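J.: This is the structure, below, for whatever I ask next.
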2 protein chains.
Amino acid sequence: MYKINDNYLKLPGSYLFSTIGKKVRAYKAANPDRNVISLGIGDVALPLAPVVIDAMHGAVDEMSKAETFKGYAPDLGYEFLRQAIADNDYKARGVDIAIDEIFISDGAKSDSGNIGDIFSVDNKIAVCDPVYPVYVDTNAMSGRTGDYIEETQRWSNVIYMPCTKDTNFAPEIPNEEPDIIYLCFPNNPTGSTITKDELQKWVDYAIKIGAVIIYDAAYEAYISEENVPHTIYECEGAKSCAIELRSFSKNAGFTGTRLGFTVIPKELKSGDVSLNSLWARRHGTKFNGAPYIIQKAGAAIYTEEGKKQTAEQVAYYMNNARVIRESLTEAGYSVSGGVNAPYIWLKTPDNMTSWEFFDLLLEKANVVGTPGSGFGPSGEGYFRLTAFGSYENTLKALEKIKAL
Amino acid sequence: MYKINDNYLKLPGSYLFSTIGKKVRAYKAANPDRNVISLGIGDVALPLAPVVIDAMHGAVDEMSKAETFKGYAPDLGYEFLRQAIADNDYKARGVDIAIDEIFISDGAKSDSGNIGDIFSVDNKIAVCDPVYPVYVDTNAMSGRTGDYIEETQRWSNVIYMPCTKDTNFAPEIPNEEPDIIYLCFPNNPTGSTITKDELQKWVDYAIKIGAVIIYDAAYEAYISEENVPHTIYECEGAKSCAIELRSFSKNAGFTGTRLGFTVIPKELKSGDVSLNSLWARRHGTKFNGAPYIIQKAGAAIYTEEGKKQTAEQVAYYMNNARVIRESLTEAGYSVSGGVNAPYIWLKTPDNMTSWEFFDLLLEKANVVGTPGSGFGPSGEGYFRLTAFGSYENTLKALEKIKAL
């Protein structure tokens, strides 16, 4: 008699964004005349850059002829893409990453879930609170988090690192020693960042206690201030303790195009075993590569024209972030984020809960945001707005929020 | 101190096709003047069908305009594709599958590995021997197979179902009761099939003992004989015991385009828990959908023109299969498969081992095939050739094999 993975049954409710989706659909069905603007889920509004479109048309044409047709891709991804990444995302920042330390994938969400496969169930994770739910949920699914305690909204076997106003919405070194530390900078959901010196402290700590850092740098393109690290490998020693996850979703609008990559330096070892070799084995056995057409699309953003066009998209969204920050501040809200990140993190007014504010915003302003409590208990009383809408919709939404 | 998943360390050597790739690259480097023809890995030679190319160009154009741009896809996949699948792959064969029982993915290799996530580690699997290595390797990685015994080339906690000449290269009901049964028809690597009545016996058996069948139907398009089931759901009761995996790789040449789907009927339950809901949770948490452009490409093969064009591709490969079968038979080889499947399974001559024959074929005929022993110990003394080459290369390769 087969047995299911009953860790799944411990998961509370549904995935945050599915719940939001249901609420919004119900509201729209009941109010078909209302124009609902979403500044909720981190999905982008701008179409793909012309250079990406051209690259994909070209790749589609290659797939139409026997001489240029592409079947199974190399396990780690096409070299033209891995070389572009090594050169532009790393070498240009003074970081030396070899192309066989880069693994092309179908996106950072998959990678941030799948990376758990190469670690024992018997590891204790540390996560920020609030946090991107995928880190915790995927660890829960594999039995690494203990039990969910309804009362505290926390798992019994997870180390939480509160990111509150008191900590500048960044985590502090925890009292209890973790085995695996999830960090995300620029942060989703709070939009906070830390300096290179501060990140160096995490690297030093991980090395000291023998922990591994899973560093999610999906929002790297939004960094505008100096002294904020673009990759964890800018820190000394990071290659021996950190895995870096990167995405094409937010810097180039690939949310529906799907591409990402993971870096595992060969120096990252547990005893004699390199984690690079474990991930290579997983990649080769449980995945068959991102589509050729999509890998060509990804490579296009590293051309001169591609860099220019995607930088313009990032600037467009960061202008939205500025509008949101300034409008909310003007309206008396307490706001952080939005300077090195496309996320604005605001304190709900009048001691409303996050979901109360969600309902108010949806019903009275017809704006969809994300309740802070959906990211963890320390997110209660906070709310996330994203800069990924169109400029026009962002203006409209903020007018309505200001009029509340 | 973090701990790795040391189940990975139990895996013997590298993934079969990586080993073959290395041997072939070494031979080519040493013999740059030789034209090596691959009838080894199941990769296709024909370019994508015109209807698929047109659909992708159209979808790329949609991604270039804000009004038609697509961001995150629906969790289960676009409805236009799931509806086309439900209508054409199931309803047209008298099988009623709802669109929320279909989950679009980036391919059957990913699904056949990831499906293990929703089952407890504490399940005993049964696999054919020989078998597609991904089923066993992914179960080994998650700790479900016990230890690898070098001497027998088998895992200590796996039920093997030998598929030999005596069993017509199909499995027989095992003596020991498994929890999870992997079946693949038309079979990779042997090219064998079973009739609907024979498959019904497996369904009845699974229901009787409370096992779940993971049914890989990636080669369904190659079925040419009547009374061979195209989907396991043609069998009575299968919806309560079977998960079906499907691929676009072989029926439409999507090996480098990446698309597949998994069907989990809502009737498939462990106690009160529907496996459909578990897979939906995994899909929503650890995956972000196949690219919109690729889902449009997949939908195109279900149009009238698409069906015609992909049927022509399948017929082209099946003509290759006929050439391989007939030429080998003529040359005195003992051959099976190739009638309802793109794989030809041959007995190595002169009691050669599978790898000895691999080396002979590579060095003397400059043809790459796949050693049967790479698929399991009962594959020893056998060899797989695929029909996925070009017609011209297939002819050339067979001339050389006949001249050995």
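Ordering of the structure tokens sets the chain letters (A, B, ...); residue numbers start at 1 within each chain; ligands are numbered from 1 in the order shown.
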For chain A against chain B, which residues fall within 6 Å using only C-alpha atoms, given as number ranges by chain?
T.: A: 1-5, 46-48, 63-66, 69-72, 110, 113, 118-120, 179, 210-211, 255-258, 286-287, 291-292
J.: Write a file of the just-selected residues containing N, CA and C atoms, as a tab-separated table (two decimals), in the first residue's frame.
T.:
```
chain	number	residue	atom	x	y	z
A	1	MET	N	0.86	-1.20	0.00
A	1	MET	CA	0.00	0.00	0.00
A	1	MET	C	0.89	1.25	0.00
A	2	TYR	N	0.72	2.08	-1.03
A	2	TYR	CA	1.60	3.24	-1.12
A	2	TYR	C	1.27	4.29	-0.07
A	3	LYS	N	2.27	5.06	0.30
A	3	LYS	CA	2.13	6.09	1.32
A	3	LYS	C	2.52	7.44	0.73
A	4	ILE	N	1.72	8.46	1.02
A	4	ILE	CA	2.06	9.79	0.52
A	4	ILE	C	3.10	10.45	1.42
A	5	ASN	N	3.68	11.52	0.90
A	5	ASN	CA	4.58	12.36	1.69
A	5	ASN	C	3.72	13.23	2.59
A	46	LEU	N	5.85	45.59	-18.43
A	46	LEU	CA	6.46	45.95	-19.72
A	46	LEU	C	6.69	44.70	-20.58
A	47	PRO	N	6.49	44.85	-21.90
A	47	PRO	CA	6.79	43.72	-22.79
A	47	PRO	C	8.29	43.45	-22.84
A	48	LEU	N	8.66	42.32	-23.42
A	48	LEU	CA	10.08	41.98	-23.54
A	48	LEU	C	10.80	43.00	-24.41
A	63	MET	N	15.20	26.72	-35.28
A	63	MET	CA	14.51	25.46	-34.96
A	63	MET	C	13.70	24.93	-36.14
A	64	SER	N	13.56	25.75	-37.18
A	64	SER	CA	12.73	25.34	-38.34
A	64	SER	C	13.54	24.65	-39.42
A	65	LYS	N	14.86	24.62	-39.28
A	65	LYS	CA	15.71	24.02	-40.32
A	65	LYS	C	16.57	22.91	-39.70
A	66	ALA	N	16.70	21.80	-40.44
A	66	ALA	CA	17.45	20.66	-39.92
A	66	ALA	C	18.88	21.04	-39.57
A	69	PHE	N	18.64	23.17	-36.31
A	69	PHE	CA	17.74	22.68	-35.26
A	69	PHE	C	18.52	22.26	-34.01
A	70	LYS	N	17.96	22.53	-32.83
A	70	LYS	CA	18.60	22.13	-31.58
A	70	LYS	C	17.73	21.15	-30.80
A	71	GLY	N	18.29	20.01	-30.46
A	71	GLY	CA	17.61	19.03	-29.61
A	71	GLY	C	18.00	19.24	-28.16
A	72	TYR	N	18.24	18.15	-27.45
A	72	TYR	CA	18.63	18.25	-26.04
A	72	TYR	C	19.79	19.23	-25.86
A	110	SER	N	12.02	27.63	-9.13
A	110	SER	CA	12.36	26.20	-9.19
A	110	SER	C	13.65	25.93	-8.43
A	113	GLY	N	13.50	26.10	-4.65
A	113	GLY	CA	12.86	24.92	-4.09
A	113	GLY	C	13.72	23.68	-4.25
A	118	ILE	N	19.76	18.52	-2.53
A	118	ILE	CA	21.14	18.06	-2.33
A	118	ILE	C	21.57	18.09	-0.86
A	119	PHE	N	20.65	18.53	0.01
A	119	PHE	CA	20.96	18.57	1.44
A	119	PHE	C	20.16	17.49	2.18
A	120	SER	N	20.74	17.01	3.26
A	120	SER	CA	20.07	16.04	4.12
A	120	SER	C	18.79	16.66	4.71
A	179	ASP	N	22.08	25.40	10.07
A	179	ASP	CA	22.92	24.69	9.11
A	179	ASP	C	22.84	25.34	7.72
A	210	GLY	N	30.20	26.59	9.95
A	210	GLY	CA	30.03	25.50	8.98
A	210	GLY	C	28.64	25.45	8.38
A	211	ALA	N	28.06	26.62	8.17
A	211	ALA	CA	26.74	26.68	7.53
A	211	ALA	C	26.88	27.02	6.06
A	255	THR	N	9.11	36.81	-16.45
A	255	THR	CA	8.20	36.06	-15.56
A	255	THR	C	7.43	34.98	-16.32
A	256	GLY	N	7.06	35.25	-17.55
A	256	GLY	CA	6.35	34.26	-18.37
A	256	GLY	C	7.24	33.63	-19.42
A	257	THR	N	8.52	33.94	-19.38
A	257	THR	CA	9.48	33.43	-20.37
A	257	THR	C	10.36	32.36	-19.72
A	258	ARG	N	10.61	32.49	-18.43
A	258	ARG	CA	11.21	31.46	-17.57
A	258	ARG	C	12.69	31.18	-17.84
A	286	LYS	N	17.30	15.08	-13.14
A	286	LYS	CA	15.90	15.47	-12.93
A	286	LYS	C	15.46	16.67	-13.76
A	287	PHE	N	16.26	17.08	-14.73
A	287	PHE	CA	15.95	18.29	-15.49
A	287	PHE	C	16.55	18.11	-16.87
A	291	PRO	N	14.60	25.73	-22.58
A	291	PRO	CA	14.50	25.68	-24.05
A	291	PRO	C	15.61	26.51	-24.72
A	292	TYR	N	16.11	26.01	-25.84
A	292	TYR	CA	17.14	26.73	-26.60
A	292	TYR	C	16.70	28.17	-26.90
```
J.: List every residue of region 55-137 of chain A that DSSP, applied to the backbone of this structure, places in alpha helix (DSSP H), and write the result as a list in words.
T.: Ala55, Met56, His57, Gly58, Ala59, Val60, Asp61, Glu62, Met63, Glu79, Phe80, Leu81, Arg82, Gln83, Ala84, Ile85, Ala108, Lys109, Ser110, Asp111, Ser112, Gly113, Asn114, Pro133, Val134, Tyr135, Val136 and Asp137 of chain A
J.: When you look at Cys235 (chain A) with a cut-off of 10 Å (counting only C-alpha atoms), what residues show up, excluding the ones that are within fewer than 5 positions of it in the same chain? I need them as a PDB file with N, CA and C atoms, in the first residue's frame.
T.:
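That gives us selection-v6.pdb:
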```
ATOM      1  N   VAL A  95      34.716  39.434  -9.922  1.00  0.00           N
ATOM      2  CA  VAL A  95      34.511  38.110  -9.329  1.00  0.00           C
ATOM      3  C   VAL A  95      34.749  37.056 -10.402  1.00  0.00           C
ATOM      4  N   LYS A 196      28.042  45.800   1.787  1.00  0.00           N
ATOM      5  CA  LYS A 196      28.996  44.718   1.595  1.00  0.00           C
ATOM      6  C   LYS A 196      29.636  44.305   2.921  1.00  0.00           C
ATOM      7  N   ASP A 197      29.931  45.276   3.778  1.00  0.00           N
ATOM      8  CA  ASP A 197      30.525  44.954   5.080  1.00  0.00           C
ATOM      9  C   ASP A 197      29.580  44.116   5.929  1.00  0.00           C
ATOM     10  N   GLU A 198      28.305  44.457   5.852  1.00  0.00           N
ATOM     11  CA  GLU A 198      27.329  43.700   6.636  1.00  0.00           C
ATOM     12  C   GLU A 198      27.186  42.274   6.084  1.00  0.00           C
ATOM     13  N   LEU A 199      27.190  42.143   4.752  1.00  0.00           N
ATOM     14  CA  LEU A 199      27.081  40.809   4.161  1.00  0.00           C
ATOM     15  C   LEU A 199      28.321  39.976   4.490  1.00  0.00           C
ATOM     16  N   GLN A 200      29.486  40.662   4.545  1.00  0.00           N
ATOM     17  CA  GLN A 200      30.727  39.963   4.902  1.00  0.00           C
ATOM     18  C   GLN A 200      30.596  39.296   6.284  1.00  0.00           C
ATOM     19  N   LYS A 201      29.868  39.963   7.183  1.00  0.00           N
ATOM     20  CA  LYS A 201      29.676  39.373   8.519  1.00  0.00           C
ATOM     21  C   LYS A 201      28.917  38.044   8.437  1.00  0.00           C
ATOM     22  N   TRP A 202      27.948  37.987   7.533  1.00  0.00           N
ATOM     23  CA  TRP A 202      27.198  36.730   7.356  1.00  0.00           C
ATOM     24  C   TRP A 202      28.097  35.639   6.779  1.00  0.00           C
ATOM     25  N   VAL A 203      28.929  36.021   5.823  1.00  0.00           N
ATOM     26  CA  VAL A 203      29.851  35.050   5.218  1.00  0.00           C
ATOM     27  C   VAL A 203      30.811  34.530   6.287  1.00  0.00           C
ATOM     28  N   ASP A 204      31.369  35.436   7.062  1.00  0.00           N
ATOM     29  CA  ASP A 204      32.309  35.030   8.129  1.00  0.00           C
ATOM     30  C   ASP A 204      31.617  34.110   9.135  1.00  0.00           C
ATOM     31  N   PRO A 229      26.301  45.092  -2.213  1.00  0.00           N
ATOM     32  CA  PRO A 229      26.899  44.059  -3.075  1.00  0.00           C
ATOM     33  C   PRO A 229      25.912  43.529  -4.113  1.00  0.00           C
TER      34      PRO A 229
END
```
J.: Please identify which residues in region 279-393 of chain A DSSP calls strand (DSSP E or B) from the backbone, and express them as a count of residues only.
T.: 17
J.: Just give me the gap between CA of Ala341 (chain B) and CA of Ala92 (chain B) in Å, one decimal is fine.
T.: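 It comes out at 21.3 Å.
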J.: Just how far from CA of Val335 (chain B) is CA of Trp355 (chain B), in Å to one decimal?
T.: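 Result for CA of Trp355 (chain B) versus CA of Val335 (chain B): 17.7 Å, one decimal.
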J.: Provide the CA of Asn351 (chain B) to CA of Ser378 (chain B) distance in Å, to one decimal place.
T.: 14.0 Å
